[in-house]
$ cat query.pdb   # PDB, C-alpha atoms, pLDDT in the B column
ATOM      1  CA  MET A   1       0.000   0.000   0.000  1.00 43.00           C
ATOM      2  CA  ALA A   2       1.312   3.444  -0.939  1.00 51.00           C
ATOM      3  CA  LYS A   3       2.344   5.827   1.799  1.00 67.00           C
ATOM      4  CA  TRP A   4       0.405   8.583   0.026  1.00 72.00           C
ATOM      5  CA  PRO A   5      -1.290   9.120  -3.350  1.00 86.00           C
ATOM      6  CA  VAL A   6       0.981   9.186  -6.385  1.00 94.00           C
ATOM      7  CA  SER A   7       1.329  12.795  -7.556  1.00 96.00           C
ATOM      8  CA  PRO A   8       1.026  13.780 -11.236  1.00 97.00           C
ATOM      9  CA  PRO A   9       4.813  14.417 -11.435  1.00 98.00           C
ATOM     10  CA  MET A  10       5.492  10.922 -10.043  1.00 98.00           C
ATOM     11  CA  GLN A  11       2.970   9.470 -12.484  1.00 98.00           C
ATOM     12  CA  ARG A  12       4.961  11.152 -15.250  1.00 98.00           C
ATOM     13  CA  ALA A  13       8.224   9.781 -13.800  1.00 98.00           C
ATOM     14  CA  LEU A  14       6.706   6.285 -13.912  1.00 98.00           C
ATOM     15  CA  GLU A  15       5.721   6.853 -17.566  1.00 98.00           C
ATOM     16  CA  LEU A  16       9.313   7.878 -18.282  1.00 98.00           C
ATOM     17  CA  ALA A  17      10.581   4.756 -16.495  1.00 98.00           C
ATOM     18  CA  ARG A  18       8.377   2.611 -18.743  1.00 98.00           C
ATOM     19  CA  ALA A  19       9.741   4.461 -21.791  1.00 98.00           C
ATOM     20  CA  ALA A  20      13.291   3.766 -20.586  1.00 98.00           C
ATOM     21  CA  ALA A  21      12.555   0.038 -20.305  1.00 98.00           C
ATOM     22  CA  ALA A  22      11.062   0.030 -23.809  1.00 97.00           C
ATOM     23  CA  VAL A  23      14.416   1.139 -25.243  1.00 97.00           C
ATOM     24  CA  GLY A  24      16.506  -1.194 -23.095  1.00 97.00           C
ATOM     25  CA  GLU A  25      17.473   1.283 -20.383  1.00 98.00           C
ATOM     26  CA  VAL A  26      17.092   0.516 -16.676  1.00 98.00           C
ATOM     27  CA  PRO A  27      13.554   1.787 -15.942  1.00 98.00           C
ATOM     28  CA  VAL A  28      14.098   4.915 -13.889  1.00 98.00           C
ATOM     29  CA  GLY A  29      12.311   8.184 -14.626  1.00 98.00           C
ATOM     30  CA  ALA A  30      12.644  11.636 -13.066  1.00 99.00           C
ATOM     31  CA  VAL A  31      10.719  14.914 -13.189  1.00 98.00           C
ATOM     32  CA  VAL A  32      11.743  18.332 -11.833  1.00 99.00           C
ATOM     33  CA  THR A  33       8.945  20.749 -11.002  1.00 98.00           C
ATOM     34  CA  ARG A  34       8.757  24.305  -9.750  1.00 98.00           C
ATOM     35  CA  GLY A  35       5.445  25.659  -8.514  1.00 97.00           C
ATOM     36  CA  GLY A  36       3.714  22.578  -9.902  1.00 94.00           C
ATOM     37  CA  ALA A  37       5.007  23.087 -13.460  1.00 98.00           C
ATOM     38  CA  VAL A  38       7.392  20.593 -15.056  1.00 98.00           C
ATOM     39  CA  VAL A  39      10.712  22.296 -15.833  1.00 98.00           C
ATOM     40  CA  GLY A  40      12.790  19.214 -16.659  1.00 98.00           C
ATOM     41  CA  GLU A  41      12.350  15.490 -17.068  1.00 98.00           C
ATOM     42  CA  GLY A  42      14.198  12.446 -18.264  1.00 98.00           C
ATOM     43  CA  HIS A  43      14.866   8.759 -17.942  1.00 98.00           C
ATOM     44  CA  ASN A  44      18.028   6.721 -17.782  1.00 98.00           C
ATOM     45  CA  LEU A  45      20.153   7.126 -20.916  1.00 98.00           C
ATOM     46  CA  THR A  46      23.372   5.458 -19.790  1.00 98.00           C
ATOM     47  CA  ARG A  47      23.262   2.601 -22.295  1.00 97.00           C
ATOM     48  CA  SER A  48      22.022   4.506 -25.326  1.00 97.00           C
ATOM     49  CA  THR A  49      24.498   7.375 -24.852  1.00 98.00           C
ATOM     50  CA  SER A  50      27.412   5.353 -23.409  1.00 98.00           C
ATOM     51  CA  ASP A  51      27.440   7.903 -20.592  1.00 98.00           C
ATOM     52  CA  PRO A  52      27.666   6.533 -17.052  1.00 98.00           C
ATOM     53  CA  THR A  53      26.445   9.877 -15.676  1.00 98.00           C
ATOM     54  CA  ALA A  54      23.202   9.867 -17.698  1.00 98.00           C
ATOM     55  CA  HIS A  55      21.005   8.728 -14.822  1.00 98.00           C
ATOM     56  CA  ALA A  56      17.385   9.902 -14.918  1.00 98.00           C
ATOM     57  CA  GLU A  57      17.980  12.438 -12.129  1.00 98.00           C
ATOM     58  CA  ILE A  58      21.009  13.969 -13.846  1.00 98.00           C
ATOM     59  CA  VAL A  59      19.169  14.185 -17.182  1.00 98.00           C
ATOM     60  CA  ALA A  60      16.161  15.872 -15.532  1.00 99.00           C
ATOM     61  CA  ILE A  61      18.328  18.254 -13.479  1.00 98.00           C
ATOM     62  CA  ARG A  62      20.355  19.266 -16.565  1.00 98.00           C
ATOM     63  CA  ARG A  63      17.191  19.947 -18.545  1.00 98.00           C
ATOM     64  CA  ALA A  64      15.639  21.941 -15.679  1.00 98.00           C
ATOM     65  CA  ALA A  65      18.795  24.028 -15.216  1.00 98.00           C
ATOM     66  CA  GLU A  66      18.871  24.748 -18.945  1.00 98.00           C
ATOM     67  CA  ALA A  67      15.161  25.632 -19.041  1.00 98.00           C
ATOM     68  CA  LEU A  68      15.472  27.948 -16.037  1.00 98.00           C
ATOM     69  CA  GLY A  69      18.859  29.377 -17.027  1.00 98.00           C
ATOM     70  CA  ASP A  70      20.324  28.708 -13.593  1.00 98.00           C
ATOM     71  CA  GLU A  71      22.428  25.953 -12.025  1.00 97.00           C
ATOM     72  CA  ARG A  72      20.585  26.483  -8.743  1.00 98.00           C
ATOM     73  CA  LEU A  73      17.177  24.879  -8.816  1.00 98.00           C
ATOM     74  CA  THR A  74      15.999  26.626  -5.656  1.00 97.00           C
ATOM     75  CA  GLY A  75      12.326  25.958  -4.995  1.00 98.00           C
ATOM     76  CA  CYS A  76      12.266  22.925  -7.276  1.00 98.00           C
ATOM     77  CA  ASP A  77      11.102  19.426  -6.427  1.00 98.00           C
ATOM     78  CA  LEU A  78      12.493  16.204  -7.883  1.00 98.00           C
ATOM     79  CA  HIS A  79      10.269  13.154  -8.341  1.00 98.00           C
ATOM     80  CA  VAL A  80      12.215   9.994  -9.201  1.00 98.00           C
ATOM     81  CA  THR A  81      11.141   6.372  -9.318  1.00 98.00           C
ATOM     82  CA  LEU A  82      14.207   4.943  -7.525  1.00 98.00           C
ATOM     83  CA  GLU A  83      16.224   6.079  -4.505  1.00 98.00           C
ATOM     84  CA  PRO A  84      19.098   8.180  -5.887  1.00 98.00           C
ATOM     85  CA  CYS A  85      22.679   6.884  -5.912  1.00 98.00           C
ATOM     86  CA  ALA A  86      25.577   8.854  -4.421  1.00 98.00           C
ATOM     87  CA  MET A  87      26.296  10.683  -7.700  1.00 98.00           C
ATOM     88  CA  CYS A  88      22.686  11.777  -8.073  1.00 98.00           C
ATOM     89  CA  ALA A  89      22.329  12.702  -4.393  1.00 98.00           C
ATOM     90  CA  GLY A  90      25.398  14.924  -4.796  1.00 98.00           C
ATOM     91  CA  ALA A  91      23.857  16.577  -7.854  1.00 98.00           C
ATOM     92  CA  ILE A  92      20.591  17.110  -5.956  1.00 98.00           C
ATOM     93  CA  ALA A  93      22.506  18.858  -3.165  1.00 98.00           C
ATOM     94  CA  HIS A  94      24.545  21.005  -5.567  1.00 98.00           C
ATOM     95  CA  ALA A  95      21.406  21.971  -7.494  1.00 98.00           C
ATOM     96  CA  ARG A  96      19.711  22.976  -4.214  1.00 98.00           C
ATOM     97  CA  ILE A  97      16.611  20.880  -4.909  1.00 98.00           C
ATOM     98  CA  ALA A  98      14.064  21.712  -2.183  1.00 98.00           C
ATOM     99  CA  ARG A  99      12.188  18.413  -1.976  1.00 98.00           C
ATOM    100  CA  LEU A 100      13.015  14.883  -3.151  1.00 98.00           C
ATOM    101  CA  TYR A 101      10.232  12.342  -3.667  1.00 98.00           C
ATOM    102  CA  TYR A 102      11.367   8.861  -4.595  1.00 98.00           C
ATOM    103  CA  GLY A 103       9.539   5.621  -5.251  1.00 98.00           C
ATOM    104  CA  ALA A 104      11.407   2.381  -4.681  1.00 98.00           C
ATOM    105  CA  PRO A 105      14.177   2.117  -2.104  1.00 98.00           C
ATOM    106  CA  ASP A 106      17.545   0.844  -3.345  1.00 98.00           C
ATOM    107  CA  PRO A 107      19.351  -0.981  -0.524  1.00 97.00           C
ATOM    108  CA  LYS A 108      22.173  -1.956  -2.900  1.00 96.00           C
ATOM    109  CA  GLY A 109      22.923   1.299  -4.722  1.00 97.00           C
ATOM    110  CA  GLY A 110      20.850   3.990  -3.030  1.00 98.00           C
ATOM    111  CA  ALA A 111      22.596   6.745  -1.104  1.00 98.00           C
ATOM    112  CA  VAL A 112      19.770   8.678   0.536  1.00 98.00           C
ATOM    113  CA  ASP A 113      18.322   6.242   3.081  1.00 98.00           C
ATOM    114  CA  HIS A 114      20.825   3.448   2.374  1.00 97.00           C
ATOM    115  CA  GLY A 115      24.556   3.130   1.746  1.00 96.00           C
ATOM    116  CA  ALA A 116      26.432   6.422   1.787  1.00 96.00           C
ATOM    117  CA  ARG A 117      23.461   8.454   3.112  1.00 98.00           C
ATOM    118  CA  VAL A 118      24.840  11.533   1.396  1.00 98.00           C
ATOM    119  CA  PHE A 119      22.451  14.020   2.984  1.00 98.00           C
ATOM    120  CA  ALA A 120      23.405  12.886   6.506  1.00 98.00           C
ATOM    121  CA  HIS A 121      27.039  14.024   6.125  1.00 97.00           C
ATOM    122  CA  PRO A 122      28.002  17.348   7.686  1.00 96.00           C
ATOM    123  CA  GLN A 123      29.896  18.172   4.481  1.00 95.00           C
ATOM    124  CA  CYS A 124      26.696  18.053   2.431  1.00 97.00           C
ATOM    125  CA  LEU A 125      26.142  21.563   1.055  1.00 94.00           C
ATOM    126  CA  HIS A 126      22.348  21.389   1.002  1.00 98.00           C
ATOM    127  CA  VAL A 127      19.837  18.865   2.321  1.00 98.00           C
ATOM    128  CA  PRO A 128      16.456  18.567   0.628  1.00 98.00           C
ATOM    129  CA  GLN A 129      13.330  17.403   2.384  1.00 98.00           C
ATOM    130  CA  VAL A 130      13.040  13.696   1.517  1.00 98.00           C
ATOM    131  CA  TYR A 131       9.783  11.803   0.986  1.00 97.00           C
ATOM    132  CA  PRO A 132      10.361   8.108   0.188  1.00 97.00           C
ATOM    133  CA  GLY A 133       7.823   5.578  -1.016  1.00 96.00           C
ATOM    134  CA  MET A 134       5.636   7.506  -3.460  1.00 96.00           C
ATOM    135  CA  GLY A 135       4.763   5.071  -6.244  1.00 96.00           C
ATOM    136  CA  GLU A 136       7.020   2.478  -4.623  1.00 97.00           C
ATOM    137  CA  GLY A 137       5.020  -0.584  -5.691  1.00 96.00           C
ATOM    138  CA  GLU A 138       4.867   0.246  -9.388  1.00 97.00           C
ATOM    139  CA  ALA A 139       8.452   1.508  -9.492  1.00 97.00           C
ATOM    140  CA  ALA A 140       9.746  -1.659  -7.826  1.00 97.00           C
ATOM    141  CA  GLN A 141       7.689  -3.868 -10.142  1.00 97.00           C
ATOM    142  CA  LEU A 142       9.078  -2.112 -13.227  1.00 97.00           C
ATOM    143  CA  LEU A 143      12.620  -2.776 -12.011  1.00 97.00           C
ATOM    144  CA  ARG A 144      11.936  -6.407 -11.028  1.00 97.00           C
ATOM    145  CA  GLY A 145      10.318  -7.101 -14.395  1.00 96.00           C
ATOM    146  CA  PHE A 146      13.127  -5.463 -16.335  1.00 96.00           C
ATOM    147  CA  PHE A 147      15.849  -7.462 -14.603  1.00 94.00           C
ATOM    148  CA  ALA A 148      13.857 -10.739 -14.639  1.00 92.00           C
ATOM    149  CA  GLU A 149      13.652 -10.517 -18.445  1.00 89.00           C
ATOM    150  CA  ARG A 150      17.435 -10.239 -18.643  1.00 84.00           C
ATOM    151  CA  ARG A 151      18.309 -13.163 -16.353  1.00 77.00           C
TER     152      ARG A 151
END
$ encode --input "query.pdb" --output "structure tokens"
Amino acid sequence: MAKWPVSPPMQRALELARAAAAVGEVPVGAVVTRGGAVVGEGHNLTRSTSDPTAHAEIVAIRRAAEALGDERLTGCDLHVTLEPCAMCAGAIAHARIARLYYGAPDPKGGAVDHGARVFAHPQCLHVPQVYPGMGEGEAAQLLRGFFAERR
């Protein structure tokens, strides 16, 4: 059972995750909003671009920064289908994202509530408000299905 209703931005992130899976990318989608309006979105592109930094969060943050003309995404929210890794958590902090909503936890590679716990370090430049579990069931199922097909 969901912790709270899935927001429209998280619904869009789940759509993007499905699109990623359809092209052979790990199904993770991300949406950046400000004041309820989408300012950047993306899904994993690591395989199709041969770019290990092209995680959904990074793609969405880059597009939002370009759209807003500012590297600081103050007042923006990030909705992502999987708990961010250390690289993405660092980018979230540097971008000054206000709120992070993520779907499925990632005990193996996540770095928000697992592993490195980037935001818990005193050296972290900015700590967003974190809301885990939105859309968790569907996000986790997309990932399980994707990896089951490849085993």
$ closest_residue --input "query.pdb" --among "A:Ile61, A:Val112, A:Val80, A:Val130" --to "Ser7 (chain A)" --atoms "only C-alpha atoms"
A:Val80
$ atom_distance --input "query.pdb" --atom1 "CA of Asp70 (chain A)" --atom2 "CA of Gly133 (chain A)"
29.1 Å
$ resolve_selection --input "query.pdb" --expression "the PyMOL selection byres ((chain A and resi 4) around 12)" --output "list in words"
Met1, Ala2, Lys3, Pro5, Val6, Ser7, Met10, Tyr101, Tyr102, Gly103, Tyr131, Pro132, Gly133, Met134, Gly135, Glu136 and Gly137 of chain A
$ closest_residue --input "query.pdb" --among "A:Asp106, A:Gly42, A:Glu57, A:His126" --to "Arg72 (chain A)" --atoms "only C-alpha atoms"
A:His126
$ atom_distance --input "query.pdb" --atom1 "CA of Cys85 (chain A)" --atom2 "CA of Pro122 (chain A)"
18.0 Å
$ closest_residue --input "query.pdb" --among "A:Ala116, A:Val26, A:Leu100, A:Ala64" --to "Ala86 (chain A)" --atoms "only C-alpha atoms"
A:Ala116
$ atom_distance --input "query.pdb" --atom1 "CA of Ala93 (chain A)" --atom2 "CA of Thr53 (chain A)"
15.9 Å
